[in-house]
Each structure stands twice: as structure tokens, then as C-alpha cells.
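Report on one structure; see the data block that follows.
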2 protein chains.
Amino acid sequence: MGMSEAEIIALIREMACEPAPGVSVPIGDDAALFEFAGGSVLLTVDSVYEGVHFTLVDFGYSDVGWKAVAAGVSDIAAMGGEPACVLLSLGFGAAPELADVRSLVAGVLEMASSCNCALIGGDVCHSGAGLALTVTVAGTPPAGGAVLRSGAHPGDVIGVTGELGASGAGLFVLGEKSDELRSRYPGLVEAHLRPRPRVLAGGLLAAAGVTAMEDVSDGLAPDLGHICDESRVGCEVEAALVPMSEEVLGLAAEVGRDPLEWALGGGEDYELLFTAHPGHFDTAVNALALHGIPAARLGTVTGDKRDRAIVTPTGREELRGTPYEHF
Amino acid sequence: MGMSEAEIIALIREMACEPAPGVSVPIGDDAALFEFAGGSVLLTVDSVYEGVHFTLVDFGYSDVGWKAVAAGVSDIAAMGGEPACVLLSLGFGAAPELADVRSLVAGVLEMASSCNCALIGGDVCHSGAGLALTVTVAGTPPAGGAVLRSGAHPGDVIGVTGELGASGAGLFVLGEKSDELRSRYPGLVEAHLRPRPRVLAGGLLAAAGVTAMEDVSDGLAPDLGHICDESRVGCEVEAALVPMSEEVLGLAAEVGRDPLEWALGGGEDYELLFTAHPGHFDTAVNALALHGIPAARLGTVTGDKRDRAIVTPTGREELRGTPYEHF
């Protein structure tokens with residue numbers, strides 16, 4: 001019986017756990033923080049593989065490039081940081097065509113430049129299989145220090161930017177292989193192929209003093225679980241408060257699905273999930289509103305660290321998504 | 001007809017060429033240099049894929065981890081920099097066994113800690129194929145500024161640390177699948193599986209004012225070609241001066257190969273190739289000797305940028321290796 005992704009990460013974390021000079025935020029958060037002489041740098045790395053994270057049937061090459069960079073940028077945003085530069089490692093299964101490489105790199109540059117990030121380096125080689133991209137993003141932490149997953153306290157309010165479930169619903173639309181369905185839900189497909197990380201919101205939330213933050217990459221349930229694990233707290237989410245778009249609700253009604261499944265377990269929405277002291281929550285939301293960024297209250301941090309609850313019309317249930325398990 | 005690795009890199013470089021704030025050394029050198037508020041950081045990324053860069057028949061898991069980190073550390077050394085921290089992105093083809101993951105991570109940590117580097121982050125996922133590792137290394141540039149590939153001048157002396165060809169010869173030994181041969185050439189196998197990047201030498205050479213530097217990752221011929229391309233100069237190498245170990249020469253004699261092929265085209269020696277003003281070359285070599293690091297003169301930088309020459313007993317020939325072409 002092989003190891004799960006969570007077990008592997010736990011093992012690496014345990015093996016690499018010796019305190020090392022310069023490491024302010026080690027393995028276990030959205031990004032690592034390293035103190036260099038004269039300044040500190042946030043660093044994050046994410047790989048995506050054809051057939052695992054995307055197919056070239058559903059994704060154009062430029063979408064693949066865009067989304068790989070967006071995931072890394074979102075990790076920096078989730079620390080309250082400002083992304084600065086991107087490195088790209090590209091693996092091709094066979095000698096690629098000029099138009100495809102041009103499109104891929106254009107997608108990378110389009111996403112990177114929308115965040116004022118430069119593409120500064122990387123490498124290119126044969127992958128032995130399909131298309132593989134690894135994106136490293138470096139950034140600068142916010143003036144008040146990076147916002148970690150570990151800072152939530154019992155009584156804090158749980159909030160989230162934007163709306164959830166659109167990416168998961170978009171994946172469902174793509175899976176139906178129906179041009180007709182796809183044409184009626186363009187926003188969902190766009191949300192899945194070209195997510196927009198919340199860089200500005202991350203900085204505003206850090207400045208507003210939120211206590212913990214993470215991006216919604218795995219889904220609300222597992223990602224909130226990470227904050228609870230790292231902060232040694234519990235949570236109670238109110239199902240009625242989970243923000244979802246008209247398109248998500250419309251598709252769910254049309255195809256007979258529970259839209260909450262996409263919000264709780266779909267992931268890849270790249271919205272920011274955060275916790276704030278009750279007295280600071282409105283300040284944080286107002287700071288976002290001034291820049292036109294919506295945010296919603298989802299529930300409350302509780303003191304029992306085994307507590308992972310969602311309150312629905314039928315009662316109090318265990319909060320669970322269907323997190324993507326890699327193995 | 002698909003694109004070659006060099007064509008892909010040239011395209012990315014062209015597309016990403018807009019000068020961006022903070023980018024001191026962009027795509028095209030061993031590592032990129034980015035200026036953050038308060039300091040500058042060297043960044044490099046390298047991916048290796050099972051079946052392309054290694055097999056798990058020849059490599060133990062710990063060797064794979066060691067060598068992937070060594071390649072990144074060597075890129076930082078080639079700028080004269082000091083490696084500081086490592087991020088690791090791991091892709092597994094199937095749920096891995098505990099002992100294998102433990103061994104892989106131990107190899108990563110062993111190499112990283114030998115360079116005072118901390119493992120600070122990364123990600124783990126399914127690769128859809130074999131084992132894949134992407135290593136990002138961040139480091140600090142030397143006090144006098146990073147040493148680039150582009151600084152060589154006509155008349156400069158070309159030098160190299162250590163000896164060349166051992167990694168290529170080691171790959172040959174492994175390919176023979178003979179335990180007997182392997183037991184007689186342990187140094188060659190070790191050189192291929194567990195290369196030792198020249199971090200100390202890189203710093204000493206930078207301090208000694210060398211004009212250009214690169215690590216020998218592709219082979220002497222292509223790597224010296226990179227320095228010539230970036231510096232818009234030519235080169236003349238003397239075949240008799242190329243330093244090779246007794247083991248390399250012994251194996252070559254035994255199996256009827258030209259050992260120069262391993263030195264010029266084998267690659268992965270991770271020695272440092274450098275150019276220096278004739279008046280500074282001895283100073284640089286003496287600085288290395290004080291720390292027990294051997295270095296040799298290889299030849300001269302010439303003014304004709306089309307010139308890539310090697311002088312052998314039979315005459316002046318074109319310097320060429322058999323660089324690994326990924327596609």
C-alpha cells in the first residue's frame with residue numbers, strides 16, 4: 001500500500017524539520033518565507049502534468065500556461081504578498097510545434113504580466129511522457145509580515161472573497177463534451193481554464209490584520225481543514241452563507257447536482273479564505289469593497305480542534321469535500 | 001518538424017525580452033538574478049524525469065534526490081553565488097512506498113545540507129507517468145556581482161576546475177550492466193550518480209575577478225559554446241590540456257573509446273568553466289589551490305565569434321561534443 005499525498009508531505013516536513021537559519025515560514029503553508037541578507041522573499045512551486053491536471057482537449061496551450069502561473073501567484077497572494085517574478089520549467093513529450101510553444105508562453109506571460117511579474121528563467125527538456133510545467137513564483141511579503149495558516153483563534157470569523165464552485169462546475173461542463181452546454185456556461189469554463197488569483201485582495205486582507213489566510217485550491221472543506229490543522233482550532237460553516245454564482249446554481253439545478261459539492265470539494269477557485277477577529281472582520285470586508293472585491297462571512301472558528309462542521313437546513317454535519325487525492 | 005530545445009529557449013527568451021523592473025540577469029544564464037527591495041536573489045530551476053535523466057535501475061532514490069539538487073546548486077555556484085534554500089516539486093507515477101520516499105528526501109537533504117541549504121517548500125502530486133523532480137534553488141550573489149556568461153573577452157584565458165569526463169564515463173559504465181566493471185570504476189559511477197557542485201570554487205573565482213563562468217552540465221564543447229555565444233567571442237581549446245582522471249583514461253583505453261568524447265560531450269561533471277584576463281588567471285588558480293581545488297588552463301578566448309576550435313595532435317578542428325538533444 002503506497003503513501004498518500006498528505007502522508008508524503010508530512011514525512012518531508014518531519015525530515016526537513018530542523019530549524020535552519022533564514023527560514024521564517026517552512027514547509028506547510030501556501031508559500032515559504034526565506035530571510036536573505038537585506039530582505040525576505042516568499043517562494044512557492046507548483047507542477048502540473050498533462051492527463052492529471054489538464055488535457056489538451058479541454059485546455060488550449062495558452063490556458064495551460066496561464067493556469068500554471070495563476071496557481072503559483074495565488075500562493076503568494078494567500079500570504080498577503082506581492083508576486084515579483086516567475087521561473088518556468090517545461091517538459092515536452094515530443095518536439096513541440098512552434099505555434100503551440102508560442103501559445104503556451106503567451107499564456108504564461110499574459111498571467112504573469114497581469115500581476116506585474118517578469119518571467120526570468122527556467123529550463124526546457126523532454127518529459128518522457130506528456131506536457132509538464134513547473135512554475136516557481138517569488139514575491140515579497142507584506143509590510144506587516146506574511147499571513148500564515150496557523151493564526152486562527154476560536155471566535156474568529158471565517159470569510160472568503162468572491163464566489164466558490166465555479167471552477168469545479170466548469171470542469172463538469174468540460175467533461176460533458178457538449179458545445180451547446182459550454183456555450184451556455186462560458187463563465188464556468190473561463191473560471192476553470194483561466195482563474196484570476198486575488199493578489200490585490202491578499203494585500204488588503206493582510207493590511208487589515210486577518211489572522212489566517214489560504215487560497216481555495218483544493219476546495220473549501222480541505223482548505224479550511226488546513227487552517228484548522230495548522231491553527232489547532234475547529235470550524236463551523238453555514239451552508240446558506242457559501243457564496244455561489246447564478247451560473248453555478250443554474251447548472252446545478254439543470255443537471256440535478258448539489259452546487260455545494262463544487263464549492264466544498266471542487267477546488268481551483270483561487271479565492272482567498274481567511275479568518276479575522278470579530279472586531280476586524282467588517283474592516284477587512286470594507287477594505288475589499290472599496291476596491292470592488294466582494295467577500296462573504298462563512299462561519300466561525302471554534303475551540304474544539306476536532307470540529308469540522310457545516311450547518312445545513314437538515315442539521316449540523318461534518319464538513320467534507322471530495323478533495324482530489326493524487327494516488 | 002518540431003522545435004529543438006535551443007529553439008524553444010530562444011523563442012521564450014525573445015517573447016519574455018521586455019526589460020522588467022528588478023530583473024538584473026534574465027533568461028540565458030545559469031541562474032536569474034532578481035532585485036528585491038533590500039537585496040538581490042539568484043534563482044534557478046531544473047527538472048529531471050525518470051527514463052530521460054535517470055532510471056531507477058542505475059540510480060537509487062537517494063541518488064536521484066541528491067543529483068537533482070546538485071544541478072540547481074551548481075547553477076548558483078556558476079554565478080559565483082551562495083546557495084541558500086531549496087524547493088522541491090515531486091511527481092510520482094503511482095503511490096510510492098515509504099522507504100523510497102524516505103530515501104529520495106534523504107538524498108535531497110544530504111546534498112542541500114552539505115551546501116548549508118534548507119529545504120523550505122514544494123509540492124507533491126501525481127505525474128501521470130514516472131518519477132519527476134523539479135528543484136528550485138535560491139541563493140545570494142557574490143559581493144562583487146554575479147559572474148555572467150557574457151563577460152569573456154578576446155585574449156582571456158579559459159580555465160576549468162577539477163577534471164572532466166568522469167560523469168559521462170560513469171554513464172558508460174552503468175550502461176554496460178556489468179557489476180564487475182562497475183566495481184573497478186567506482187569513482188566514475190559516483191561522479192555520475194552523486195556529482196559535487198563547486199560552491200566554494202565559484203565564490204573564490206568570482207572574488208578573483210573571472211570574466212565569465214558556467215558550470216559544465218551539457219559538456220565542455222556546448223557549455224564553452226554558450227559562453228562564446230553570450231560573449232560574442234570565439235575559443236581555442238588545446239586537447240592536451242583537457243584534465244581527465246586516471247579512471248577516465250583507463251576506462252577509455254580498456255574499452256577503445258576516445259576519452260575526449262566524454263569530456264567534450266558527456267556533461268554533468270558540474271565543474272566550473274571560466275575565463276579570466278591573462279594577468280588574473282594565475283591569481284584565480286592560486287586562490288583555488290589554497291583550498292585544495294585543482295584547476296587547469298584549457299585554451300584562449302579568440303576574437304572571431306564563429307571560431308570554436310580544438311587543437312589536437314592532428315591539427316585544428318571544430319570543437320564539438322555530442323550534446324544531449326532532448327527531442
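In the C-alpha cells, chains take letters A, B, ... by order of appearance, with residues numbered from 1 within each chain and ligands from 1 in the order shown.
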
When DSSP works through the backbone of this structure, what residues of segment 86-270 of chain A end up as strand (DSSP E), shown as an MDAnalysis selection string?
chainID A and resid 86:92 118:126 132:140 157:161 212:215 234:238

Keeping N, CA and C atoms, export the residues of the selection given above as a JSON list (two decimals), in the first residue's frame.
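This is the output file part.json:
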```json
[["chain", "number", "residue", "atom", "x", "y", "z"],
["A", 86, "VAL", "N", 8.76, 35.02, -12.01],
["A", 86, "VAL", "CA", 8.33, 33.65, -12.32],
["A", 86, "VAL", "C", 9.46, 32.91, -13.02],
["A", 87, "LEU", "N", 9.69, 31.64, -12.63],
["A", 87, "LEU", "CA", 10.56, 30.74, -13.39],
["A", 87, "LEU", "C", 9.72, 29.58, -13.88],
["A", 88, "LEU", "N", 10.02, 29.12, -15.08],
["A", 88, "LEU", "CA", 9.19, 28.12, -15.74],
["A", 88, "LEU", "C", 10.04, 26.94, -16.18],
["A", 89, "SER", "N", 9.70, 25.75, -15.69],
["A", 89, "SER", "CA", 10.36, 24.53, -16.17],
["A", 89, "SER", "C", 9.36, 23.79, -17.04],
["A", 90, "LEU", "N", 9.74, 23.56, -18.30],
["A", 90, "LEU", "CA", 8.83, 22.98, -19.29],
["A", 90, "LEU", "C", 9.32, 21.61, -19.70],
["A", 91, "GLY", "N", 8.46, 20.60, -19.61],
["A", 91, "GLY", "CA", 8.79, 19.28, -20.14],
["A", 91, "GLY", "C", 7.82, 18.92, -21.25],
["A", 92, "PHE", "N", 8.38, 18.56, -22.41],
["A", 92, "PHE", "CA", 7.54, 18.17, -23.55],
["A", 92, "PHE", "C", 7.71, 16.68, -23.82],
["A", 118, "ALA", "N", 7.69, 39.33, -13.88],
["A", 118, "ALA", "CA", 8.53, 39.04, -15.05],
["A", 118, "ALA", "C", 8.84, 37.56, -15.09],
["A", 119, "LEU", "N", 8.92, 37.02, -16.31],
["A", 119, "LEU", "CA", 9.42, 35.65, -16.50],
["A", 119, "LEU", "C", 10.94, 35.76, -16.60],
["A", 120, "ILE", "N", 11.66, 35.20, -15.61],
["A", 120, "ILE", "CA", 13.10, 35.48, -15.57],
["A", 120, "ILE", "C", 13.97, 34.26, -15.84],
["A", 121, "GLY", "N", 13.41, 33.06, -15.90],
["A", 121, "GLY", "CA", 14.28, 31.92, -16.14],
["A", 121, "GLY", "C", 13.52, 30.62, -16.17],
["A", 122, "GLY", "N", 14.27, 29.53, -16.25],
["A", 122, "GLY", "CA", 13.65, 28.22, -16.25],
["A", 122, "GLY", "C", 14.47, 27.22, -17.02],
["A", 123, "ASP", "N", 13.87, 26.12, -17.39],
["A", 123, "ASP", "CA", 14.56, 25.16, -18.24],
["A", 123, "ASP", "C", 13.56, 24.43, -19.13],
["A", 124, "VAL", "N", 14.07, 23.78, -20.15],
["A", 124, "VAL", "CA", 13.26, 23.06, -21.13],
["A", 124, "VAL", "C", 13.88, 21.68, -21.31],
["A", 125, "CYS", "N", 13.07, 20.63, -21.28],
["A", 125, "CYS", "CA", 13.62, 19.30, -21.57],
["A", 125, "CYS", "C", 12.51, 18.35, -21.98],
["A", 126, "HIS", "N", 12.92, 17.13, -22.25],
["A", 126, "HIS", "CA", 12.00, 16.06, -22.59],
["A", 126, "HIS", "C", 11.41, 15.54, -21.28],
["A", 132, "ALA", "N", 4.49, 18.81, -19.21],
["A", 132, "ALA", "CA", 4.63, 19.07, -17.78],
["A", 132, "ALA", "C", 5.15, 20.48, -17.58],
["A", 133, "LEU", "N", 4.55, 21.21, -16.65],
["A", 133, "LEU", "CA", 5.01, 22.56, -16.33],
["A", 133, "LEU", "C", 5.24, 22.66, -14.84],
["A", 134, "THR", "N", 6.38, 23.22, -14.45],
["A", 134, "THR", "CA", 6.58, 23.57, -13.06],
["A", 134, "THR", "C", 6.84, 25.06, -13.00],
["A", 135, "VAL", "N", 6.04, 25.74, -12.18],
["A", 135, "VAL", "CA", 6.16, 27.19, -12.06],
["A", 135, "VAL", "C", 6.65, 27.53, -10.66],
["A", 136, "THR", "N", 7.71, 28.30, -10.60],
["A", 136, "THR", "CA", 8.20, 28.85, -9.34],
["A", 136, "THR", "C", 7.85, 30.34, -9.33],
["A", 137, "VAL", "N", 7.24, 30.81, -8.27],
["A", 137, "VAL", "CA", 6.97, 32.24, -8.15],
["A", 137, "VAL", "C", 7.65, 32.76, -6.90],
["A", 138, "ALA", "N", 8.36, 33.87, -7.05],
["A", 138, "ALA", "CA", 8.97, 34.55, -5.91],
["A", 138, "ALA", "C", 8.24, 35.87, -5.71],
["A", 139, "GLY", "N", 8.11, 36.28, -4.47],
["A", 139, "GLY", "CA", 7.41, 37.52, -4.18],
["A", 139, "GLY", "C", 7.90, 38.14, -2.89],
["A", 140, "THR", "N", 7.33, 39.27, -2.57],
["A", 140, "THR", "CA", 7.73, 39.95, -1.33],
["A", 140, "THR", "C", 6.58, 39.89, -0.33],
["A", 157, "VAL", "N", -14.03, 35.14, 12.89],
["A", 157, "VAL", "CA", -14.99, 34.98, 11.80],
["A", 157, "VAL", "C", -14.25, 34.41, 10.58],
["A", 158, "ILE", "N", -14.89, 33.46, 9.90],
["A", 158, "ILE", "CA", -14.33, 32.90, 8.67],
["A", 158, "ILE", "C", -14.95, 33.62, 7.48],
["A", 159, "GLY", "N", -14.10, 34.09, 6.57],
["A", 159, "GLY", "CA", -14.61, 34.78, 5.38],
["A", 159, "GLY", "C", -13.95, 34.27, 4.12],
["A", 160, "VAL", "N", -14.54, 34.64, 2.99],
["A", 160, "VAL", "CA", -13.95, 34.25, 1.70],
["A", 160, "VAL", "C", -14.24, 35.35, 0.68],
["A", 161, "THR", "N", -13.30, 35.56, -0.23],
["A", 161, "THR", "CA", -13.52, 36.52, -1.31],
["A", 161, "THR", "C", -14.35, 35.85, -2.42],
["A", 212, "ALA", "N", -5.51, 34.46, 9.70],
["A", 212, "ALA", "CA", -5.01, 33.33, 8.91],
["A", 212, "ALA", "C", -5.55, 33.48, 7.49],
["A", 213, "MET", "N", -4.84, 32.89, 6.54],
["A", 213, "MET", "CA", -5.30, 33.01, 5.15],
["A", 213, "MET", "C", -4.76, 31.83, 4.35],
["A", 214, "GLU", "N", -5.54, 31.44, 3.34],
["A", 214, "GLU", "CA", -5.13, 30.37, 2.42],
["A", 214, "GLU", "C", -5.94, 30.55, 1.15],
["A", 215, "ASP", "N", -5.39, 30.12, 0.02],
["A", 215, "ASP", "CA", -6.19, 30.20, -1.20],
["A", 215, "ASP", "C", -6.99, 28.91, -1.36],
["A", 234, "GLY", "N", -11.15, 24.43, 15.51],
["A", 234, "GLY", "CA", -12.20, 23.83, 14.70],
["A", 234, "GLY", "C", -12.91, 24.90, 13.90],
["A", 235, "CYS", "N", -13.96, 24.50, 13.17],
["A", 235, "CYS", "CA", -14.70, 25.47, 12.38],
["A", 235, "CYS", "C", -16.15, 25.05, 12.24],
["A", 236, "GLU", "N", -17.01, 26.06, 12.08],
["A", 236, "GLU", "CA", -18.42, 25.80, 11.77],
["A", 236, "GLU", "C", -18.82, 26.73, 10.63],
["A", 237, "VAL", "N", -19.15, 26.14, 9.50],
["A", 237, "VAL", "CA", -19.54, 26.89, 8.31],
["A", 237, "VAL", "C", -21.06, 26.79, 8.16],
["A", 238, "GLU", "N", -21.69, 27.90, 7.75],
["A", 238, "GLU", "CA", -23.13, 27.85, 7.47],
["A", 238, "GLU", "C", -23.32, 27.67, 5.96]]
```

Please check the contacts: residues of chain B at most 7 Å away from chain A, using only C-alpha atoms, listed as an mmCIF file with N, CA and C atoms, in the first residue's frame.
```cif
data_model
loop_
_atom_site.group_PDB
_atom_site.id
_atom_site.type_symbol
_atom_site.label_atom_id
_atom_site.label_comp_id
_atom_site.auth_asym_id
_atom_site.auth_seq_id
_atom_site.Cartn_x
_atom_site.Cartn_y
_atom_site.Cartn_z
ATOM 1 N N GLY B 2 9.128 19.317 -35.294
ATOM 2 C CA GLY B 2 9.016 20.041 -34.038
ATOM 3 C C GLY B 2 10.254 20.858 -33.708
ATOM 4 N N MET B 3 10.152 21.631 -32.640
ATOM 5 C CA MET B 3 11.238 22.539 -32.258
ATOM 6 C C MET B 3 12.283 21.819 -31.404
ATOM 7 N N SER B 4 13.538 22.247 -31.511
ATOM 8 C CA SER B 4 14.597 21.741 -30.646
ATOM 9 C C SER B 4 14.584 22.517 -29.331
ATOM 10 N N GLU B 5 15.301 21.970 -28.350
ATOM 11 C CA GLU B 5 15.409 22.629 -27.051
ATOM 12 C C GLU B 5 15.956 24.054 -27.205
ATOM 13 N N ILE B 12 11.352 31.587 -26.113
ATOM 14 C CA ILE B 12 10.900 32.095 -24.813
ATOM 15 C C ILE B 12 11.665 33.373 -24.470
ATOM 16 N N ALA B 16 9.923 36.872 -23.837
ATOM 17 C CA ALA B 16 9.976 37.430 -22.480
ATOM 18 C C ALA B 16 10.954 38.589 -22.389
ATOM 19 N N ALA B 20 12.169 44.250 -17.582
ATOM 20 C CA ALA B 20 11.221 44.339 -16.483
ATOM 21 C C ALA B 20 11.942 44.857 -15.250
ATOM 22 N N VAL B 23 14.739 42.794 -12.801
ATOM 23 C CA VAL B 23 15.440 41.668 -13.414
ATOM 24 C C VAL B 23 16.836 42.117 -13.857
ATOM 25 N N PRO B 26 18.436 38.182 -16.856
ATOM 26 C CA PRO B 26 17.242 37.468 -17.317
ATOM 27 C C PRO B 26 17.593 36.098 -17.887
ATOM 28 N N ILE B 27 16.659 35.506 -18.605
ATOM 29 C CA ILE B 27 16.838 34.194 -19.229
ATOM 30 C C ILE B 27 18.130 34.162 -20.050
ATOM 31 N N ALA B 32 18.982 33.184 -12.805
ATOM 32 C CA ALA B 32 18.489 34.545 -12.975
ATOM 33 C C ALA B 32 18.786 35.334 -11.710
ATOM 34 N N ALA B 37 13.324 44.521 -2.967
ATOM 35 C CA ALA B 37 13.586 45.630 -2.061
ATOM 36 C C ALA B 37 14.585 45.140 -1.021
ATOM 37 N N GLY B 38 15.730 45.768 -0.966
ATOM 38 C CA GLY B 38 16.681 45.441 0.099
ATOM 39 C C GLY B 38 17.705 44.388 -0.244
ATOM 40 N N GLY B 39 17.575 43.708 -1.381
ATOM 41 C CA GLY B 39 18.582 42.689 -1.687
ATOM 42 C C GLY B 39 18.306 42.020 -3.007
ATOM 43 N N THR B 44 17.149 29.612 -9.727
ATOM 44 C CA THR B 44 17.294 28.666 -10.832
ATOM 45 C C THR B 44 16.352 27.500 -10.628
ATOM 46 N N VAL B 45 15.909 26.887 -11.713
ATOM 47 C CA VAL B 45 15.014 25.732 -11.629
ATOM 48 C C VAL B 45 15.451 24.682 -12.648
ATOM 49 N N ASP B 46 15.412 23.427 -12.239
ATOM 50 C CA ASP B 46 15.774 22.298 -13.104
ATOM 51 C C ASP B 46 14.842 21.133 -12.830
ATOM 52 N N SER B 47 14.369 20.505 -13.904
ATOM 53 C CA SER B 47 13.527 19.315 -13.776
ATOM 54 C C SER B 47 14.272 18.091 -14.274
ATOM 55 N N TYR B 49 13.382 13.843 -15.202
ATOM 56 C CA TYR B 49 12.311 12.877 -15.400
ATOM 57 C C TYR B 49 12.889 11.476 -15.514
ATOM 58 N N GLY B 51 13.565 7.953 -16.837
ATOM 59 C CA GLY B 51 13.600 7.460 -18.210
ATOM 60 C C GLY B 51 14.251 8.434 -19.172
ATOM 61 N N VAL B 52 14.359 9.707 -18.758
ATOM 62 C CA VAL B 52 15.030 10.706 -19.591
ATOM 63 C C VAL B 52 16.384 11.052 -18.966
ATOM 64 N N LEU B 87 13.500 24.429 -2.981
ATOM 65 C CA LEU B 87 12.112 23.973 -3.037
ATOM 66 C C LEU B 87 12.052 22.765 -3.958
ATOM 67 N N SER B 89 9.565 20.046 -6.056
ATOM 68 C CA SER B 89 8.272 19.597 -6.568
ATOM 69 C C SER B 89 8.433 18.152 -7.012
ATOM 70 N N ALA B 94 2.867 6.543 -9.301
ATOM 71 C CA ALA B 94 1.898 5.781 -8.515
ATOM 72 C C ALA B 94 2.218 6.047 -7.053
ATOM 73 N N ALA B 95 1.303 5.669 -6.179
ATOM 74 C CA ALA B 95 1.534 5.887 -4.753
ATOM 75 C C ALA B 95 2.862 5.228 -4.361
ATOM 76 N N PRO B 96 3.818 6.013 -3.876
ATOM 77 C CA PRO B 96 5.153 5.471 -3.604
ATOM 78 C C PRO B 96 5.235 4.785 -2.237
ATOM 79 N N GLU B 97 6.237 3.941 -2.094
ATOM 80 C CA GLU B 97 6.484 3.261 -0.824
ATOM 81 C C GLU B 97 7.233 4.190 0.130
ATOM 82 N N LEU B 98 6.960 4.023 1.412
ATOM 83 C CA LEU B 98 7.593 4.845 2.447
ATOM 84 C C LEU B 98 9.119 4.842 2.318
ATOM 85 N N VAL B 105 14.045 11.776 -0.190
ATOM 86 C CA VAL B 105 14.139 13.020 0.579
ATOM 87 C C VAL B 105 15.470 13.083 1.322
ATOM 88 N N ALA B 118 18.634 24.984 3.179
ATOM 89 C CA ALA B 118 17.463 24.387 3.816
ATOM 90 C C ALA B 118 16.432 24.019 2.757
ATOM 91 N N LEU B 119 15.723 22.914 2.985
ATOM 92 C CA LEU B 119 14.568 22.560 2.153
ATOM 93 C C LEU B 119 13.365 23.280 2.753
ATOM 94 N N ILE B 120 12.805 24.237 2.016
ATOM 95 C CA ILE B 120 11.801 25.095 2.646
ATOM 96 C C ILE B 120 10.400 24.916 2.094
ATOM 97 N N GLY B 121 10.232 24.179 1.004
ATOM 98 C CA GLY B 121 8.871 24.048 0.500
ATOM 99 C C GLY B 121 8.828 23.224 -0.766
ATOM 100 N N GLY B 122 7.623 23.167 -1.353
ATOM 101 C CA GLY B 122 7.461 22.417 -2.582
ATOM 102 C C GLY B 122 6.055 21.905 -2.727
ATOM 103 N N ASP B 123 5.867 20.935 -3.605
ATOM 104 C CA ASP B 123 4.570 20.288 -3.711
ATOM 105 C C ASP B 123 4.739 18.838 -4.137
ATOM 106 N N VAL B 124 3.682 18.081 -3.960
ATOM 107 C CA VAL B 124 3.678 16.648 -4.259
ATOM 108 C C VAL B 124 2.427 16.351 -5.065
ATOM 109 N N CYS B 125 2.563 15.617 -6.166
ATOM 110 C CA CYS B 125 1.362 15.226 -6.898
ATOM 111 C C CYS B 125 1.631 14.021 -7.782
ATOM 112 N N HIS B 126 0.603 13.608 -8.479
ATOM 113 C CA HIS B 126 0.692 12.519 -9.442
ATOM 114 C C HIS B 126 1.292 13.082 -10.717
ATOM 115 N N SER B 127 2.230 12.355 -11.314
ATOM 116 C CA SER B 127 2.873 12.846 -12.541
ATOM 117 C C SER B 127 2.198 12.307 -13.799
ATOM 118 N N GLY B 128 1.365 11.297 -13.652
ATOM 119 C CA GLY B 128 0.775 10.670 -14.829
ATOM 120 C C GLY B 128 1.732 9.724 -15.526
ATOM 121 N N ALA B 129 3.005 9.707 -15.109
ATOM 122 C CA ALA B 129 3.996 8.842 -15.765
ATOM 123 C C ALA B 129 4.997 8.388 -14.699
ATOM 124 N N HIS B 326 17.288 17.038 -26.517
ATOM 125 C CA HIS B 326 16.147 16.423 -25.839
ATOM 126 C C HIS B 326 15.090 15.881 -26.782
ATOM 127 N N PHE B 327 15.057 16.399 -28.021
ATOM 128 C CA PHE B 327 13.973 15.938 -28.916
ATOM 129 C C PHE B 327 14.558 15.317 -30.182
#
```

Using only C-alpha atoms, which residues sit within 9 Å of Ala240 of chain A once same-chain residues fewer than 3 positions away are excluded, as a VMD selection string?
chain A and resid 237 243 298 311 to 313
